[in-house]
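*Asks:* What follows is entry_17.pdb, PDB, C-alpha atoms, pLDDT in the B column.
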```
MODEL        1
ATOM      1  CA  LEU A   1       2.750   5.627 -14.303  1.00 78.00           C
ATOM      2  CA  VAL A   2       2.648   1.915 -13.459  1.00 83.00           C
ATOM      3  CA  LEU A   3       6.031   0.342 -14.208  1.00 89.00           C
ATOM      4  CA  ALA A   4       5.117  -3.198 -13.103  1.00 93.00           C
ATOM      5  CA  ILE A   5       2.312  -4.915 -11.228  1.00 92.00           C
ATOM      6  CA  GLY A   6       1.484  -8.430 -10.059  1.00 94.00           C
ATOM      7  CA  ARG A   7      -1.020 -10.341  -7.989  1.00 94.00           C
ATOM      8  CA  PHE A   8       0.000 -12.682  -5.187  1.00 97.00           C
ATOM      9  CA  SER A   9      -1.104 -16.290  -5.375  1.00 96.00           C
ATOM     10  CA  ASN A  10      -2.663 -18.099  -2.427  1.00 93.00           C
ATOM     11  CA  PRO A  11      -0.459 -18.832  -0.589  1.00 95.00           C
ATOM     12  CA  PRO A  12       1.988 -16.124  -1.716  1.00 97.00           C
ATOM     13  CA  ALA A  13       5.162 -17.377  -3.388  1.00 98.00           C
ATOM     14  CA  LEU A  14       8.488 -15.844  -4.337  1.00 98.00           C
ATOM     15  CA  GLU A  15       7.658 -16.492  -8.003  1.00 98.00           C
ATOM     16  CA  ASP A  16       4.826 -13.936  -7.689  1.00 98.00           C
ATOM     17  CA  LEU A  17       7.520 -11.243  -7.449  1.00 98.00           C
ATOM     18  CA  ALA A  18       9.530 -12.276 -10.496  1.00 97.00           C
ATOM     19  CA  GLY A  19       8.677  -9.033 -12.300  1.00 96.00           C
ATOM     20  CA  LEU A  20       9.644  -6.768  -9.395  1.00 97.00           C
ATOM     21  CA  SER A  21      12.973  -4.938  -9.332  1.00 96.00           C
ATOM     22  CA  LEU A  22      14.448  -1.837  -7.726  1.00 96.00           C
ATOM     23  CA  ASP A  23      15.960   0.904  -9.852  1.00 95.00           C
ATOM     24  CA  GLU A  24      19.638   1.878  -9.689  1.00 95.00           C
ATOM     25  CA  ALA A  25      18.999   4.762  -7.276  1.00 94.00           C
ATOM     26  CA  ASP A  26      17.279   2.506  -4.745  1.00 95.00           C
ATOM     27  CA  LEU A  27      19.976  -0.161  -5.055  1.00 95.00           C
ATOM     28  CA  ASP A  28      22.623   2.451  -4.286  1.00 93.00           C
ATOM     29  CA  GLY A  29      20.444   3.869  -1.522  1.00 92.00           C
ATOM     30  CA  ILE A  30      20.173   0.515   0.232  1.00 91.00           C
ATOM     31  CA  ARG A  31      23.956   0.205   0.386  1.00 89.00           C
ATOM     32  CA  ARG A  32      24.119   3.536   2.251  1.00 91.00           C
ATOM     33  CA  CYS A  33      21.214   2.720   4.576  1.00 93.00           C
ATOM     34  CA  ARG A  34      21.449   2.640   8.322  1.00 94.00           C
ATOM     35  CA  PRO A  35      18.635   2.616  10.893  1.00 95.00           C
ATOM     36  CA  GLY A  36      17.350   6.173  11.193  1.00 95.00           C
ATOM     37  CA  ALA A  37      18.768   7.293   7.839  1.00 94.00           C
ATOM     38  CA  CYS A  38      17.618   5.281   4.834  1.00 94.00           C
ATOM     39  CA  ASP A  39      16.219   6.204   1.427  1.00 92.00           C
ATOM     40  CA  LEU A  40      13.737   3.318   1.614  1.00 95.00           C
ATOM     41  CA  LYS A  41      11.057   2.562   4.195  1.00 96.00           C
ATOM     42  CA  LEU A  42      12.526  -0.497   5.876  1.00 97.00           C
ATOM     43  CA  SER A  43      12.751  -1.725   9.437  1.00 97.00           C
ATOM     44  CA  ALA A  44      16.032  -1.719  11.349  1.00 96.00           C
ATOM     45  CA  SER A  45      16.361  -5.506  11.044  1.00 96.00           C
ATOM     46  CA  GLU A  46      15.570  -5.388   7.322  1.00 96.00           C
ATOM     47  CA  ILE A  47      18.216  -2.713   6.784  1.00 96.00           C
ATOM     48  CA  GLU A  48      20.862  -4.751   8.585  1.00 95.00           C
ATOM     49  CA  ALA A  49      19.932  -7.986   6.806  1.00 95.00           C
ATOM     50  CA  ILE A  50      19.952  -6.493   3.326  1.00 92.00           C
ATOM     51  CA  LYS A  51      23.252  -4.687   3.954  1.00 90.00           C
ATOM     52  CA  ARG A  52      24.832  -8.007   4.953  1.00 93.00           C
ATOM     53  CA  VAL A  53      23.683  -9.466   1.649  1.00 94.00           C
ATOM     54  CA  SER A  54      25.320  -6.583  -0.204  1.00 91.00           C
ATOM     55  CA  ALA A  55      28.592  -6.910   1.717  1.00 90.00           C
ATOM     56  CA  GLU A  56      28.813 -10.666   1.149  1.00 93.00           C
ATOM     57  CA  ALA A  57      27.823 -10.657  -2.537  1.00 92.00           C
ATOM     58  CA  GLY A  58      30.933  -8.990  -3.955  1.00 89.00           C
ATOM     59  CA  PRO A  59      30.708  -7.987  -7.644  1.00 92.00           C
ATOM     60  CA  ASP A  60      27.237  -9.528  -7.960  1.00 93.00           C
ATOM     61  CA  TRP A  61      25.786  -7.285  -5.248  1.00 94.00           C
ATOM     62  CA  LYS A  62      23.061  -5.784  -7.464  1.00 95.00           C
ATOM     63  CA  ASP A  63      21.495  -9.124  -8.373  1.00 96.00           C
ATOM     64  CA  ALA A  64      21.877 -10.281  -4.764  1.00 96.00           C
ATOM     65  CA  LEU A  65      20.082  -7.187  -3.498  1.00 96.00           C
ATOM     66  CA  GLN A  66      17.230  -7.639  -5.973  1.00 97.00           C
ATOM     67  CA  ARG A  67      16.690 -11.186  -4.737  1.00 96.00           C
ATOM     68  CA  ALA A  68      16.982 -10.128  -1.099  1.00 96.00           C
ATOM     69  CA  PHE A  69      14.455  -7.344  -1.608  1.00 97.00           C
ATOM     70  CA  ARG A  70      11.919  -9.738  -3.168  1.00 98.00           C
ATOM     71  CA  ARG A  71      12.332 -12.061  -0.186  1.00 97.00           C
ATOM     72  CA  LEU A  72      11.841  -9.079   2.131  1.00 97.00           C
ATOM     73  CA  VAL A  73       8.558  -8.135   0.421  1.00 98.00           C
ATOM     74  CA  LEU A  74       7.332 -11.738   0.548  1.00 98.00           C
ATOM     75  CA  GLU A  75       8.175 -11.951   4.246  1.00 98.00           C
ATOM     76  CA  ARG A  76       6.135  -8.813   4.952  1.00 98.00           C
ATOM     77  CA  VAL A  77       3.189 -10.318   3.089  1.00 98.00           C
ATOM     78  CA  ASN A  78       3.446 -13.610   4.992  1.00 98.00           C
ATOM     79  CA  VAL A  79       3.664 -11.820   8.334  1.00 98.00           C
ATOM     80  CA  TYR A  80       0.648  -9.670   7.448  1.00 98.00           C
ATOM     81  CA  GLN A  81      -1.440 -12.688   6.448  1.00 97.00           C
ATOM     82  CA  SER A  82      -0.609 -14.561   9.646  1.00 97.00           C
ATOM     83  CA  ARG A  83      -0.539 -11.732  12.197  1.00 97.00           C
ATOM     84  CA  GLY A  84      -2.136  -8.732  10.478  1.00 96.00           C
ATOM     85  CA  GLY A  85      -0.944  -5.163  10.820  1.00 96.00           C
ATOM     86  CA  GLU A  86       0.137  -5.848  14.398  1.00 95.00           C
ATOM     87  CA  GLY A  87       2.923  -8.044  13.053  1.00 96.00           C
ATOM     88  CA  LEU A  88       4.383  -5.532  10.609  1.00 97.00           C
ATOM     89  CA  SER A  89       7.733  -4.086  11.666  1.00 96.00           C
ATOM     90  CA  SER A  90       8.123  -0.338  12.110  1.00 97.00           C
ATOM     91  CA  TYR A  91       9.722   1.719   9.361  1.00 97.00           C
ATOM     92  CA  HIS A  92      13.049   3.033  10.639  1.00 96.00           C
ATOM     93  CA  ASP A  93      14.124   5.121   7.664  1.00 94.00           C
ATOM     94  CA  GLN A  94      14.065   8.269   9.801  1.00 92.00           C
ATOM     95  CA  ALA A  95      15.094   9.063  13.365  1.00 93.00           C
ATOM     96  CA  ASP A  96      11.655   8.266  14.794  1.00 93.00           C
ATOM     97  CA  PRO A  97      10.333   4.815  13.805  1.00 95.00           C
ATOM     98  CA  VAL A  98       6.830   4.694  12.328  1.00 96.00           C
ATOM     99  CA  ARG A  99       4.547   1.750  13.086  1.00 96.00           C
ATOM    100  CA  PRO A 100       2.304   0.971  10.060  1.00 96.00           C
ATOM    101  CA  GLN A 101      -0.514  -0.396  12.219  1.00 96.00           C
ATOM    102  CA  ASP A 102      -0.692   2.828  14.237  1.00 96.00           C
ATOM    103  CA  THR A 103      -0.792   4.839  11.015  1.00 96.00           C
ATOM    104  CA  PHE A 104      -3.626   2.731   9.613  1.00 96.00           C
ATOM    105  CA  ALA A 105      -5.609   2.943  12.857  1.00 95.00           C
ATOM    106  CA  ALA A 106      -5.336   6.750  12.697  1.00 95.00           C
ATOM    107  CA  ILE A 107      -6.560   6.746   9.088  1.00 95.00           C
ATOM    108  CA  LEU A 108      -9.580   4.664  10.107  1.00 94.00           C
ATOM    109  CA  ARG A 109     -10.340   7.071  12.951  1.00 92.00           C
ATOM    110  CA  ASP A 110     -10.402   9.843  10.357  1.00 91.00           C
ATOM    111  CA  SER A 111     -12.883   7.875   8.207  1.00 91.00           C
ATOM    112  CA  PRO A 112     -16.086   8.375  10.252  1.00 89.00           C
ATOM    113  CA  SER A 113     -18.491   7.431   7.442  1.00 87.00           C
ATOM    114  CA  LEU A 114     -16.896   4.008   7.096  1.00 90.00           C
ATOM    115  CA  ARG A 115     -17.024   3.379  10.835  1.00 89.00           C
ATOM    116  CA  LEU A 116     -20.600   4.707  11.074  1.00 88.00           C
ATOM    117  CA  HIS A 117     -22.244   2.946   8.133  1.00 85.00           C
ATOM    118  CA  VAL A 118     -20.211  -0.283   7.879  1.00 89.00           C
ATOM    119  CA  PRO A 119     -18.628  -0.665  11.344  1.00 91.00           C
ATOM    120  CA  GLN A 120     -18.125  -4.427  10.946  1.00 93.00           C
ATOM    121  CA  PHE A 121     -16.148  -3.847   7.745  1.00 94.00           C
ATOM    122  CA  ALA A 122     -14.026  -1.179   9.447  1.00 94.00           C
ATOM    123  CA  ALA A 123     -13.335  -3.579  12.329  1.00 94.00           C
ATOM    124  CA  TYR A 124     -12.417  -6.333   9.863  1.00 96.00           C
ATOM    125  CA  LEU A 125      -9.926  -4.040   8.084  1.00 95.00           C
ATOM    126  CA  GLU A 126      -8.284  -2.971  11.334  1.00 94.00           C
ATOM    127  CA  ARG A 127      -8.140  -6.406  12.987  1.00 95.00           C
ATOM    128  CA  TYR A 128      -7.426  -8.666  10.005  1.00 96.00           C
ATOM    129  CA  PRO A 129      -6.910 -11.644  10.159  1.00 96.00           C
ATOM    130  CA  ARG A 130      -8.301 -11.971  13.708  1.00 94.00           C
ATOM    131  CA  GLU A 131     -11.654 -10.525  12.600  1.00 90.00           C
ATOM    132  CA  GLU A 132     -13.692 -12.391   9.984  1.00 88.00           C
ATOM    133  CA  LEU A 133     -16.578 -11.013   7.947  1.00 91.00           C
ATOM    134  CA  ARG A 134     -18.925 -12.911   5.683  1.00 88.00           C
ATOM    135  CA  GLY A 135     -19.295 -11.636   2.149  1.00 85.00           C
ATOM    136  CA  VAL A 136     -15.728 -10.317   1.830  1.00 92.00           C
ATOM    137  CA  GLU A 137     -13.450 -11.344  -1.041  1.00 91.00           C
ATOM    138  CA  SER A 138      -9.807 -10.329  -0.819  1.00 92.00           C
ATOM    139  CA  PHE A 139      -6.465 -10.543  -2.573  1.00 93.00           C
ATOM    140  CA  LEU A 140      -3.011  -8.957  -2.368  1.00 96.00           C
ATOM    141  CA  TYR A 141      -1.031  -7.350  -5.159  1.00 94.00           C
ATOM    142  CA  TRP A 142       2.261  -5.511  -5.540  1.00 96.00           C
ATOM    143  CA  SER A 143       3.014  -2.586  -7.817  1.00 93.00           C
ATOM    144  CA  ASN A 144       5.958  -0.449  -8.854  1.00 94.00           C
ATOM    145  CA  GLU A 145       4.776   3.034  -9.789  1.00 89.00           C
ATOM    146  CA  GLN A 146       6.520   6.255 -10.766  1.00 84.00           C
ATOM    147  CA  PHE A 147       5.329   8.778  -8.214  1.00 72.00           C
ATOM    148  CA  GLY A 148       6.840  12.085  -7.133  1.00 64.00           C
ATOM    149  CA  GLY A 149      10.043  11.492  -9.097  1.00 72.00           C
ATOM    150  CA  LYS A 150      10.841   8.080  -7.579  1.00 83.00           C
ATOM    151  CA  PRO A 151       9.634   4.588  -8.454  1.00 90.00           C
ATOM    152  CA  THR A 152       7.716   3.390  -5.405  1.00 91.00           C
ATOM    153  CA  VAL A 153       7.143  -0.282  -4.644  1.00 95.00           C
ATOM    154  CA  SER A 154       4.018  -0.993  -2.624  1.00 93.00           C
ATOM    155  CA  VAL A 155       1.850  -3.910  -1.522  1.00 96.00           C
ATOM    156  CA  THR A 156      -1.921  -3.528  -1.191  1.00 94.00           C
ATOM    157  CA  HIS A 157      -4.579  -5.708   0.401  1.00 95.00           C
ATOM    158  CA  VAL A 158      -7.823  -5.393  -1.587  1.00 93.00           C
ATOM    159  CA  ASN A 159     -11.104  -6.288   0.144  1.00 93.00           C
ATOM    160  CA  ILE A 160     -14.420  -6.428  -1.699  1.00 91.00           C
ATOM    161  CA  LEU A 161     -17.579  -6.343   0.411  1.00 90.00           C
ATOM    162  CA  ARG A 162     -20.872  -7.282  -1.214  1.00 82.00           C
ATOM    163  CA  THR A 163     -24.029  -6.505   0.775  1.00 76.00           C
ATOM    164  CA  ASP A 164     -27.746  -6.050   0.359  1.00 71.00           C
ATOM    165  CA  PRO A 165     -27.950  -2.366  -0.585  1.00 62.00           C
ATOM    166  CA  ASP A 166     -29.875   0.118   1.511  1.00 65.00           C
ATOM    167  CA  PRO A 167     -30.029   3.939   1.440  1.00 62.00           C
ATOM    168  CA  VAL A 168     -26.643   4.343   3.180  1.00 64.00           C
ATOM    169  CA  VAL A 169     -24.757   1.107   2.425  1.00 68.00           C
ATOM    170  CA  PRO A 170     -23.746   0.407  -1.201  1.00 72.00           C
ATOM    171  CA  ALA A 171     -24.074  -3.052  -2.742  1.00 74.00           C
ATOM    172  CA  VAL A 172     -20.319  -3.220  -3.399  1.00 83.00           C
ATOM    173  CA  LEU A 173     -17.552  -1.521  -1.434  1.00 88.00           C
ATOM    174  CA  VAL A 174     -13.883  -1.986  -2.364  1.00 90.00           C
ATOM    175  CA  ALA A 175     -11.217  -1.107   0.220  1.00 92.00           C
ATOM    176  CA  GLY A 176      -7.506  -1.151  -0.529  1.00 92.00           C
ATOM    177  CA  ARG A 177      -5.168  -1.115   2.472  1.00 95.00           C
ATOM    178  CA  GLN A 178      -1.504  -0.356   1.897  1.00 94.00           C
ATOM    179  CA  ILE A 179       0.673  -2.726   3.891  1.00 95.00           C
ATOM    180  CA  PHE A 180       4.063  -1.680   2.529  1.00 96.00           C
ATOM    181  CA  ALA A 181       5.639   1.137   0.496  1.00 94.00           C
ATOM    182  CA  THR A 182       9.271   2.005  -0.192  1.00 95.00           C
ATOM    183  CA  HIS A 183       8.771   5.779  -0.394  1.00 90.00           C
ATOM    184  CA  TYR A 184       6.540   8.670   0.681  1.00 86.00           C
ATOM    185  CA  MET A 185       3.565   6.925   2.334  1.00 88.00           C
ATOM    186  CA  ASN A 186       3.460   5.575   5.885  1.00 93.00           C
ATOM    187  CA  GLY A 187      -0.021   4.179   5.287  1.00 93.00           C
ATOM    188  CA  ALA A 188      -3.018   4.499   2.985  1.00 91.00           C
ATOM    189  CA  LEU A 189      -6.631   3.420   2.596  1.00 93.00           C
ATOM    190  CA  SER A 190      -8.615   3.721  -0.630  1.00 89.00           C
ATOM    191  CA  LEU A 191     -12.379   3.240  -0.855  1.00 89.00           C
ATOM    192  CA  THR A 192     -14.270   2.738  -4.096  1.00 86.00           C
ATOM    193  CA  THR A 193     -17.979   2.208  -4.572  1.00 83.00           C
ATOM    194  CA  VAL A 194     -20.883   2.802  -6.938  1.00 74.00           C
ATOM    195  CA  LEU A 195     -23.786   4.772  -5.498  1.00 71.00           C
ATOM    196  CA  PRO A 196     -27.192   4.683  -7.204  1.00 67.00           C
ATOM    197  CA  GLY A 197     -28.614   7.917  -8.561  1.00 66.00           C
ATOM    198  CA  ARG A 198     -32.208   9.001  -8.413  1.00 70.00           C
ATOM    199  CA  ALA A 199     -34.803   6.924 -10.249  1.00 69.00           C
ATOM    200  CA  GLY A 200     -34.041   6.956 -13.954  1.00 66.00           C
ATOM    201  CA  SER A 201     -30.628   8.603 -13.538  1.00 69.00           C
ATOM    202  CA  SER A 202     -27.086   7.249 -13.700  1.00 70.00           C
ATOM    203  CA  GLY A 203     -25.193   6.049 -10.667  1.00 69.00           C
ATOM    204  CA  TYR A 204     -22.038   7.580  -9.243  1.00 74.00           C
ATOM    205  CA  LEU A 205     -18.582   6.077  -9.050  1.00 76.00           C
ATOM    206  CA  VAL A 206     -16.980   7.356  -5.838  1.00 81.00           C
ATOM    207  CA  HIS A 207     -13.298   6.980  -4.984  1.00 79.00           C
ATOM    208  CA  LEU A 208     -11.704   8.223  -1.761  1.00 84.00           C
ATOM    209  CA  ASN A 209      -8.048   7.935  -0.821  1.00 84.00           C
ATOM    210  CA  ARG A 210      -6.641   8.709   2.619  1.00 88.00           C
ATOM    211  CA  SER A 211      -2.873   8.620   3.051  1.00 87.00           C
ATOM    212  CA  GLU A 212      -0.286   9.645   5.610  1.00 88.00           C
ATOM    213  CA  VAL A 213       2.587  11.104   3.623  1.00 83.00           C
ATOM    214  CA  ASP A 214       5.975  11.797   5.189  1.00 79.00           C
ATOM    215  CA  ALA A 215       7.465  13.970   2.451  1.00 59.00           C
ATOM    216  CA  LEU A 216       5.707  17.278   3.155  1.00 56.00           C
ATOM    217  CA  GLY A 217       7.754  18.677   6.032  1.00 55.00           C
ATOM    218  CA  GLY A 218      10.908  20.755   6.036  1.00 53.00           C
ATOM    219  CA  LEU A 219      12.017  23.715   3.937  1.00 53.00           C
ATOM    220  CA  PHE A 220      10.701  22.267   0.684  1.00 52.00           C
ATOM    221  CA  GLY A 221       7.449  20.952   2.184  1.00 57.00           C
ATOM    222  CA  PRO A 222       5.150  23.518   0.520  1.00 61.00           C
ATOM    223  CA  LEU A 223       6.758  22.862  -2.875  1.00 54.00           C
ATOM    224  CA  LYS A 224       6.432  19.098  -2.469  1.00 55.00           C
ATOM    225  CA  ARG A 225       2.794  19.502  -1.451  1.00 59.00           C
ATOM    226  CA  ALA A 226       2.082  21.615  -4.546  1.00 58.00           C
ATOM    227  CA  ILE A 227       3.720  19.007  -6.796  1.00 51.00           C
ATOM    228  CA  ILE A 228       1.757  16.134  -5.246  1.00 56.00           C
ATOM    229  CA  GLU A 229      -1.566  18.000  -5.296  1.00 57.00           C
ATOM    230  CA  GLY A 230      -1.009  18.974  -8.925  1.00 54.00           C
ATOM    231  CA  ARG A 231      -0.260  15.381  -9.864  1.00 52.00           C
ATOM    232  CA  ILE A 232      -3.377  14.137  -8.081  1.00 54.00           C
ATOM    233  CA  LYS A 233      -5.552  16.633  -9.972  1.00 55.00           C
ATOM    234  CA  ARG A 234      -4.008  15.705 -13.332  1.00 50.00           C
ATOM    235  CA  ASP A 235      -4.343  11.993 -12.690  1.00 50.00           C
ATOM    236  CA  THR A 236      -7.888  12.033 -11.272  1.00 51.00           C
ATOM    237  CA  ALA A 237      -9.636  11.640 -14.624  1.00 54.00           C
ATOM    238  CA  GLU A 238      -7.421   8.706 -15.591  1.00 51.00           C
ATOM    239  CA  VAL A 239      -7.937   7.049 -12.206  1.00 49.00           C
ATOM    240  CA  PHE A 240     -11.696   7.193 -12.568  1.00 53.00           C
ATOM    241  CA  ARG A 241     -11.582   5.884 -16.140  1.00 56.00           C
ATOM    242  CA  GLY A 242      -9.474   2.940 -15.002  1.00 50.00           C
ATOM    243  CA  LEU A 243     -11.711   2.160 -12.014  1.00 50.00           C
ATOM    244  CA  ARG A 244     -14.839   2.319 -14.150  1.00 55.00           C
ATOM    245  CA  SER A 245     -13.322  -0.005 -16.737  1.00 55.00           C
ATOM    246  CA  ARG A 246     -12.298  -2.547 -14.067  1.00 51.00           C
ATOM    247  CA  LEU A 247     -15.701  -2.486 -12.383  1.00 50.00           C
ATOM    248  CA  GLU A 248     -17.601  -2.832 -15.632  1.00 53.00           C
ATOM    249  CA  SER A 249     -15.385  -5.701 -16.798  1.00 52.00           C
ATOM    250  CA  GLY A 250     -15.687  -7.481 -13.458  1.00 48.00           C
ATOM    251  CA  SER A 251     -11.886  -7.671 -13.016  1.00 48.00           C
TER     252      SER A 251
ENDMDL
END
```
Take the structure from the file and write it as structure tokens.
*Replies:*
Amino acid sequence: LVLAIGRFSNPPALEDLAGLSLDEADLDGIRRCRPGACDLKLSASEIEAIKRVSAEAGPDWKDALQRAFRRLVLERVNVYQSRGGEGLSSYHDQADPVRPQDTFAAILRDSPSLRLHVPQFAAYLERYPREELRGVESFLYWSNEQFGGKPTVSVTHVNILRTDPDPVVPAVLVAGRQIFATHYMNGALSLTTVLPGRAGSSGYLVHLNRSEVDALGGLFGPLKRAIIEGRIKRDTAEVFRGLRSRLESGS
């Protein structure tokens, strides 16, 4: 369930995030945060900075935290656009920090078809913005989605590659790289394309999502996995309908 969504302008501006807000549970969670034990995926410096805002705001702490969180998201986007994944701070919500760039590199290593058939595109995704590639259109958007019982705020970098089709490379390939998420996912890469069918037959819309999820360990890991897998199966049909509609409309 998408609660709110918005596209970043070029260059990104704080006004792009006007419709973004944290729910009450996340606001309370931020106040209890400390590096190594936080309900949200934030870096150690982000945790300390946002807690200072809360402490100094007094009775208006909720509004102050909402504004501080929007600034935090914008800062992550600006850092990503200037320095790429290498510039993104590690999540320190748990005892062992997680570096988003390392997570994304591992996801790419586990995507052999992408690296085999469109190696330049894979290199562009991993090394952005140092690597340039002709024919790529891109934009960034944020979303707030109800997933796994918690609203999750994320930022995604969408890249659209248009090529001359051949038997193994589609004419259009859409890659969405997650660059930030408040819950569950340390990193994600989605790939969407349309593959032609045999002569006279319909084509195929193909969607692949690879994610590193941190919520499947511990005593309740198997239960959490069952819940997430069940949700994915239930939502698959709706995902494909939405993707088809967007591709056909050109949006």
*Asks:* Tell me which protein, DNA and RNA residues are within 6 Å of Gly187 (chain A), counting all atoms listed in the file, leaving out same-chain ones fewer than 4 positions away, and put them as an MDAnalysis selection string.
*Replies:* chainID A and resid 103:104 178 211:212
*Asks:* Apply the PyMOL selection byres ((chain A and resi 183) around 8) to the displayed file and report the matching residues as number ranges by chain.
*Replies:* A: 39-41, 150, 152-153, 181-182, 184-185
*Asks:* Give me a file of those residues, with C-alpha atoms, as a short mmCIF file (atom, residue, chain, number, x, y, z; two decimals), in the coordinates of the input.
*Replies:*
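The new file selection01.cif reads:
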```cif
data_model
loop_
_atom_site.label_atom_id
_atom_site.label_comp_id
_atom_site.auth_asym_id
_atom_site.auth_seq_id
_atom_site.Cartn_x
_atom_site.Cartn_y
_atom_site.Cartn_z
CA ASP A 39 16.22 6.20 1.43
CA LEU A 40 13.74 3.32 1.61
CA LYS A 41 11.06 2.56 4.20
CA LYS A 150 10.84 8.08 -7.58
CA THR A 152 7.72 3.39 -5.40
CA VAL A 153 7.14 -0.28 -4.64
CA ALA A 181 5.64 1.14 0.50
CA THR A 182 9.27 2.00 -0.19
CA TYR A 184 6.54 8.67 0.68
CA MET A 185 3.56 6.92 2.33
#
```
*Asks:* Using all atoms listed in the file, find the one residue out of A:Tyr128, A:Ser111, A:Val73, A:Arg83 that sits nearest to Ser190 (chain A).
*Replies:*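 Closest to Ser190 (chain A), using all atoms listed in the file: A:Ser111.
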*Asks:* One decimal, in Å: what's the spacing between CA of Thr163 (chain A) and CA of Tyr124 (chain A)?
*Replies:*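 That distance, rounded to one decimal, is 14.7 Å.
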*Asks:* Do a neighbour search on Glu24 (chain A) at 12 Å with only C-alpha atoms, toss out local chain neighbours closer than 5 positions, and write the hits as a PyMOL selection string.
*Replies:* chain A and resi 29-31+61-63+65-66+150-151
*Asks:* How big is the axis-aligned box around the listed atoms of region 107-119 of chain A once 3 Å is added on each side, and where is its centre? Give both in Å to one decimal, as lines of an AutoDock Vina configuration file.
*Replies:*
```
center_x = -14.4
center_y = 4.6
center_z = 10.0
size_x = 21.7
size_y = 16.5
size_z = 11.9
```
*Asks:* When you draw a straight line from CA of Leu17 (chain A) to CA of Arg70 (chain A), how long is it in Å?
*Replies:*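 Result for CA of Leu17 (chain A) versus CA of Arg70 (chain A): 6.3 Å, one decimal.
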*Asks:* Just the residues within 12 Å of Trp142 (chain A), please, counting only C-alpha atoms, with nothing from its chain fewer than 2 positions along; format it as a ChimeraX atom specification.
*Replies:* /A:2-9,12,16-21,70,73-74,76-77,139-140,144-145,152-158,176-182
